[in-house]
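Notes to accompany the following structure.
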Number of protein chains: 2
Amino acid sequence: MKLIIIGAVAAGAKAAAKAKRLIPDAEIIIYTQEEYISYSGCGLPYYVEGNFESAEKLIVRTIADFEKNGIKVFNFHRVDKIEPEQKTIKIINLQTGESFENNYDKLLIATGSKPYMPNIPNSNLNGIYTLKTIQNGIDIRKKMLESKHAVIIGGGYIGIELLEGFTQNNVKVTLLEKNYSIMNTFDEDITSIISAYILKNYGDSINIITSAKITEFLGESCVRGVKLANGQVIATDMVVVASGVVPVVDIAKDAGIELGASGAIKVNSRMQTNISDIYAAGDCVEKINMISDTPMWVPLGSTANKEGRCAAMNICGVVDDFEGILGSAVTRFMDMTMSRIGLSTKVAESLGYDTVSVIVTKKDKAGYMPTVGYVTLKIIADRRSHKILGAQSIGSGDADKRINTLSTGLIRGITVEELNDTDMTYAPPYSTSIDPLIDAARILKDKLSCCTN
Amino acid sequence: MKLIIIGAVAAGAKAAAKAKRLIPDAEIIIYTQEEYISYSGCGLPYYVEGNFESAEKLIVRTIADFEKNGIKVFNFHRVDKIEPEQKTIKIINLQTGESFENNYDKLLIATGSKPYMPNIPNSNLNGIYTLKTIQNGIDIRKKMLESKHAVIIGGGYIGIELLEGFTQNNVKVTLLEKNYSIMNTFDEDITSIISAYILKNYGDSINIITSAKITEFLGESCVRGVKLANGQVIATDMVVVASGVVPVVDIAKDAGIELGASGAIKVNSRMQTNISDIYAAGDCVEKINMISDTPMWVPLGSTANKEGRCAAMNICGVVDDFEGILGSAVTRFMDMTMSRIGLSTKVAESLGYDTVSVIVTKKDKAGYMPTVGYVTLKIIADRRSHKILGAQSIGSGDADKRINTLSTGLIRGITVEELNDTDMTYAPPYSTSIDPLIDAARILKDKLSCCTN
């Protein structure tokens, strides 16, 4: 069995290691454009911040580790074409320029995602970065340490994580967000609290401009400013574009592999594409949201790992199904945790659900404990079935605990009434005697019984 | 409507407040032997430790607060008899010695639990304490601050919490546990790790003696030592007996109210006893374990609050059901969190389950983050149905997160395979890309498929 894997950050690396364990004498070859393989891309903002010294700490397994296990790794190699009928691929060695072909029995596409670059004049100036690879992280940290002002474009997860990192390094930041609010996988009733928290506590060094329309980068060889549609010019020493990511699907699409509505590769629960012996996993594939049973594209390292493992098993003849995602996510800005799961009100309503929701703000621990903080929790339910559709939780460190608590219930279609009946742990250093989740469930239960009576 | 409530720590106090909101012109009278009502008993060990200055911080609502709402509170009053046929109770004013009667329309028994006192000679010496009331907490803290050595009898939750408190205040402690291991609501494969952690890190000031048989307290007026069956004498300045608690059911039993197999009051899901118009809630009642559907007595403040609320609703004519408990609990010793849910292996097997379990020790966050710690997680499943029966989690701060994560799934009968499919939040400061729960579920899934194939 000869398995070729294209890309090896999370899904590809995981699949290679798993396939080698399942079929030790399989021939496994990895091609990647990048220098590094098998690293935690999610950790890059924390490297930039300086939470640890060496970016190499992000590497899970080195190329030498893979080679030692008999997996051949070709870094700085780009795959340009897949020819499914011949079961061959065309590769270019980026260091020598040499082109060559190779053939496969099974092919795994794990090309991942790449930063979305909005079309802004002068995007090629020095000092404008995106954050995807380890080298990007090293470059951004180096530049940050010699900068006084930075512009971050995009107030999503990576933008917010970099905002923390820059602020911790005493760099003043202007955050430009094209939408009405930052962190907009959350509903606006929650994002308004996030923005208020950031500006109240760090308003001296952070400026947030929403509904921002950028017309131009300014500067000679190096970026010196960002110009907005209203004429405003924001002077800056550097820019990081964190305007989201897009799936890398060009060679898949060219080969006739079907894409989903999201633009990412469509696979079944065994990570098979529509073309025989071609699998795909990780950020480049579309996932099923298990709550709404609809396709969605949510690129995350945790999911990529699971998909890579699932792909390897099926490639090796062991049946395994990846059932989908719940849309679980977490990040932080300083001591504010922001976490979500399932459908937001806006997404649920766009899918036709009749939603009912509640927002509570509660202490996260017994009020007399020295480490007490607050958590603001939103729970969204379906008015007809009373099933919980999603939740959002922000606040002190433990806010993500409440989101994970919902995860195992969501996979089983838990109702508001069942959440209200759930017995959660209590001790003064860990929670209030009635957990904020139970409080929220009780209010939602009352709301639902009022509406149906 | 005239409601009399006996006892008012958690269930009684909650019920009084809720009933008053539901029927504002109801006559509500509380009798309690204690000075204080409506306080967080679970917070007492943290007061002893010195996490906050005043024990009064533990009071949720004062007597004045209740009186302001039109609820009559008689503290230092003991109810000695219930006469269900006449619907009267007999009360004694402990300050004046005066006896009197009162009649009720509805009666709520919320007499709670009391420390179990093993029958040891010289138990009446000064310097021997139990921890139940606020006054107990004040007395223990005062004595602790002038002590160099203490003996704690009992290595359960309260014993372990006091062990932390005493250690933080530089008091050397000998912990005596009559069972084979401390913290024995956990399985021994977990308790052995807990003991090892305590002794490794605090062995200079803590001594743990398990299978300890105490024969006598030594001393003249004040306790000076504890004598064991093997002749060993442990010199000490004070003793706290934390050998568990028993439900306070004497007056209920005398009145013909049915007790369950556990010895606590038997109630239905509406908190009704077998006698009409008499309800019971809180630590004095038996609960249903929702996993095994068997009665169990687990006295906890979180449950008492819910039961008090449920009792008040049914007393006031609003139908509400308290479905039961999952056996969720958490505590800490220093930076080790100990948390559990559901059935332990030993309890599950005693109930006839054929169990299969897994223990994993994993990083709780991305390995490169500065705050990384470890969590040891045990998951127990039923070999036939593959349903998860329980879990135990110990380790750094977040260990309780994994237990709560299982709670909403357990209420819906989640299987090992479904847990493996669950999508949990991931970001480097919060978890590993594959959560320890998912890792454990995967191993357990493999174990189960090996055994059934």
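Ligands are numbered from 1 in the order shown, residues from 1 within each chain, and chains are lettered A, B, ... in the order they appear in the structure tokens.
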- Which neighbours of region 300-314 of chain A fall inside 9 Å, counting only C-alpha atoms, when residues of the same chain fewer than 2 positions from it are skipped, and could you give them as a ChimeraX atom specification? /A:9-20,22,40-42,108,110,112,269-272,279-283,298,316-322,324-325,329 /B:423-427,432-435
- Task: Apply DSSP to the backbone of this structure and, from region 25-199 of chain A, keep only the residues in strand (DSSP E or B); write these as a PyMOL selection string.
- Result: chain A and resi 27-31+39+59+71-74+77-83+88-93+99-103+106-109+113-115+126+128-129+149-153+172-176
- Within 6 Å of Lys378 (chain A), counting only C-alpha atoms, which residues qualify if same-chain residues fewer than 3 places away don't, as a PyMOL selection string? chain A and resi 358-359+391-392
- Of the residues B:Leu444, B:Met336, B:Ile29, B:Ile411, which is the one nearest to chain A, using only C-alpha atoms?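 The closest residue to chain A is B:Ile411.
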- Which of these, A:Leu377, A:Ile394, A:Ala255, A:Leu410, has the shortest distance to Ile275 (chain A) once you count only C-alpha atoms? A:Ala255
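Nearest residue to chain B among A:Lys114, A:Lys387, A:Lys143, A:Lys57 is A:Lys57, counting only C-alpha atoms.
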Neighbouring residues of Ile89 (chain B) were defined as those with any atom within 10 Å, considering only C-alpha atoms; residues of the same chain fewer than 2 positions away were excluded. Please report them as a short mmCIF file (atom, residue, chain, number, x, y, z; two decimals) with C-alpha atoms, in the first residue's frame.
```
data_model
loop_
_atom_site.label_atom_id
_atom_site.label_comp_id
_atom_site.auth_asym_id
_atom_site.auth_seq_id
_atom_site.Cartn_x
_atom_site.Cartn_y
_atom_site.Cartn_z
CA ILE B 4 -43.70 25.66 58.85
CA ILE B 6 -37.79 23.00 60.30
CA VAL B 79 -38.64 21.11 67.16
CA ASP B 80 -39.07 18.01 69.31
CA LYS B 81 -42.17 16.37 67.92
CA ILE B 82 -44.39 16.27 64.86
CA GLU B 83 -48.02 15.20 65.33
CA PRO B 84 -49.30 14.59 61.80
CA GLN B 86 -53.36 17.13 64.55
CA LYS B 87 -50.98 18.87 62.13
CA ILE B 91 -41.12 23.36 69.92
CA PHE B 100 -45.03 25.44 73.01
CA GLU B 101 -47.00 24.11 70.07
CA ASN B 102 -47.81 25.41 66.63
CA ASN B 103 -49.99 24.10 63.82
CA TYR B 104 -49.29 23.94 60.10
CA LEU B 107 -44.69 21.18 56.89
CA ILE B 251 -38.40 13.58 64.77
#
```
Need to verify the contact set: Ala150 (chain A), 12 Å, only C-alpha atoms, exclusion of same-chain residues closer than 3 positions in sequence. Can you return it as a PDB file with C-alpha atoms, in the first residue's frame?
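Saved as selection.pdb:
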```pdb
ATOM      1  CA  GLY A 127       5.680  45.118   7.290  1.00  0.00           C
ATOM      2  CA  ILE A 128       2.362  43.559   6.232  1.00  0.00           C
ATOM      3  CA  TYR A 129       1.937  40.040   7.603  1.00  0.00           C
ATOM      4  CA  ILE A 140       5.723  38.933  13.323  1.00  0.00           C
ATOM      5  CA  ARG A 141       7.310  38.606  16.759  1.00  0.00           C
ATOM      6  CA  LYS A 143       8.824  43.065  13.940  1.00  0.00           C
ATOM      7  CA  MET A 144       6.492  43.515  16.930  1.00  0.00           C
ATOM      8  CA  LEU A 145       9.437  43.861  19.304  1.00  0.00           C
ATOM      9  CA  GLU A 146      10.706  46.863  17.336  1.00  0.00           C
ATOM     10  CA  SER A 147       7.268  48.435  16.812  1.00  0.00           C
ATOM     11  CA  ILE A 153      -7.118  43.709  10.360  1.00  0.00           C
ATOM     12  CA  GLY A 159      -7.007  38.922  15.572  1.00  0.00           C
ATOM     13  CA  LEU A 162      -2.702  38.842  18.533  1.00  0.00           C
ATOM     14  CA  LEU A 163      -4.364  41.845  20.164  1.00  0.00           C
ATOM     15  CA  GLY A 165       0.010  39.480  22.448  1.00  0.00           C
ATOM     16  CA  PHE A 166       0.760  42.961  21.125  1.00  0.00           C
ATOM     17  CA  THR A 167      -0.807  44.655  24.146  1.00  0.00           C
ATOM     18  CA  ASN A 169       4.330  43.675  24.640  1.00  0.00           C
ATOM     19  CA  ASN A 170       3.368  47.356  24.999  1.00  0.00           C
ATOM     20  CA  VAL A 171       2.512  47.857  21.345  1.00  0.00           C
ATOM     21  CA  LYS A 172      -0.488  50.114  20.763  1.00  0.00           C
ATOM     22  CA  VAL A 173      -2.983  48.493  18.429  1.00  0.00           C
ATOM     23  CA  THR A 174      -5.755  49.660  16.166  1.00  0.00           C
ATOM     24  CA  LEU A 175      -8.061  46.757  15.390  1.00  0.00           C
ATOM     25  CA  LEU A 176      -9.985  47.130  12.151  1.00  0.00           C
ATOM     26  CA  SER A 205      -3.535  51.239  24.141  1.00  0.00           C
ATOM     27  CA  ILE A 206      -6.259  49.693  21.993  1.00  0.00           C
ATOM     28  CA  ASN A 207      -8.545  51.292  19.480  1.00  0.00           C
ATOM     29  CA  VAL A 223       3.953  50.125   5.413  1.00  0.00           C
ATOM     30  CA  ARG A 224       3.496  53.386   7.353  1.00  0.00           C
ATOM     31  CA  GLY A 225      -0.263  53.726   7.460  1.00  0.00           C
ATOM     32  CA  VAL A 226      -3.686  52.322   6.650  1.00  0.00           C
ATOM     33  CA  ILE A 234      -3.985  55.217  10.848  1.00  0.00           C
ATOM     34  CA  ALA A 235      -0.229  55.551  11.234  1.00  0.00           C
ATOM     35  CA  THR A 236       1.441  52.243  12.038  1.00  0.00           C
ATOM     36  CA  ASP A 237       4.751  50.414  12.125  1.00  0.00           C
ATOM     37  CA  MET A 238       3.259  47.116  10.979  1.00  0.00           C
ATOM     38  CA  VAL A 239       0.037  45.419   9.864  1.00  0.00           C
ATOM     39  CA  VAL A 240      -1.216  41.896  10.456  1.00  0.00           C
ATOM     40  CA  VAL A 241      -4.040  40.756   8.204  1.00  0.00           C
TER      41      VAL A 241
END
```
- Item | Residue among A:Glu34, A:Glu164, A:Glu56, A:Glu177 lying closest to chain B, counting only C-alpha atoms | A:Glu56
- Item | Distance query Met183 (chain B) at most 10 Å, only C-alpha atoms, self and fewer than 3 positions along chain excluded, as a ChimeraX atom specification | /B:154-160,177,179-180,186-188,190-192,194-195,338
- Query: Nearest to chain B among A:Ile288, A:Val375, A:Leu58, A:Ile92, with distances taken over only C-alpha atoms: which residue is it?
  - Reply: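 Using only C-alpha atoms, the shortest distance to chain B belongs to A:Leu58.
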- Nearest-residue call for Val73 (chain A), choices A:Val60, A:Ile193, A:Asn136, A:Ile5, using only C-alpha atoms: A:Ile5
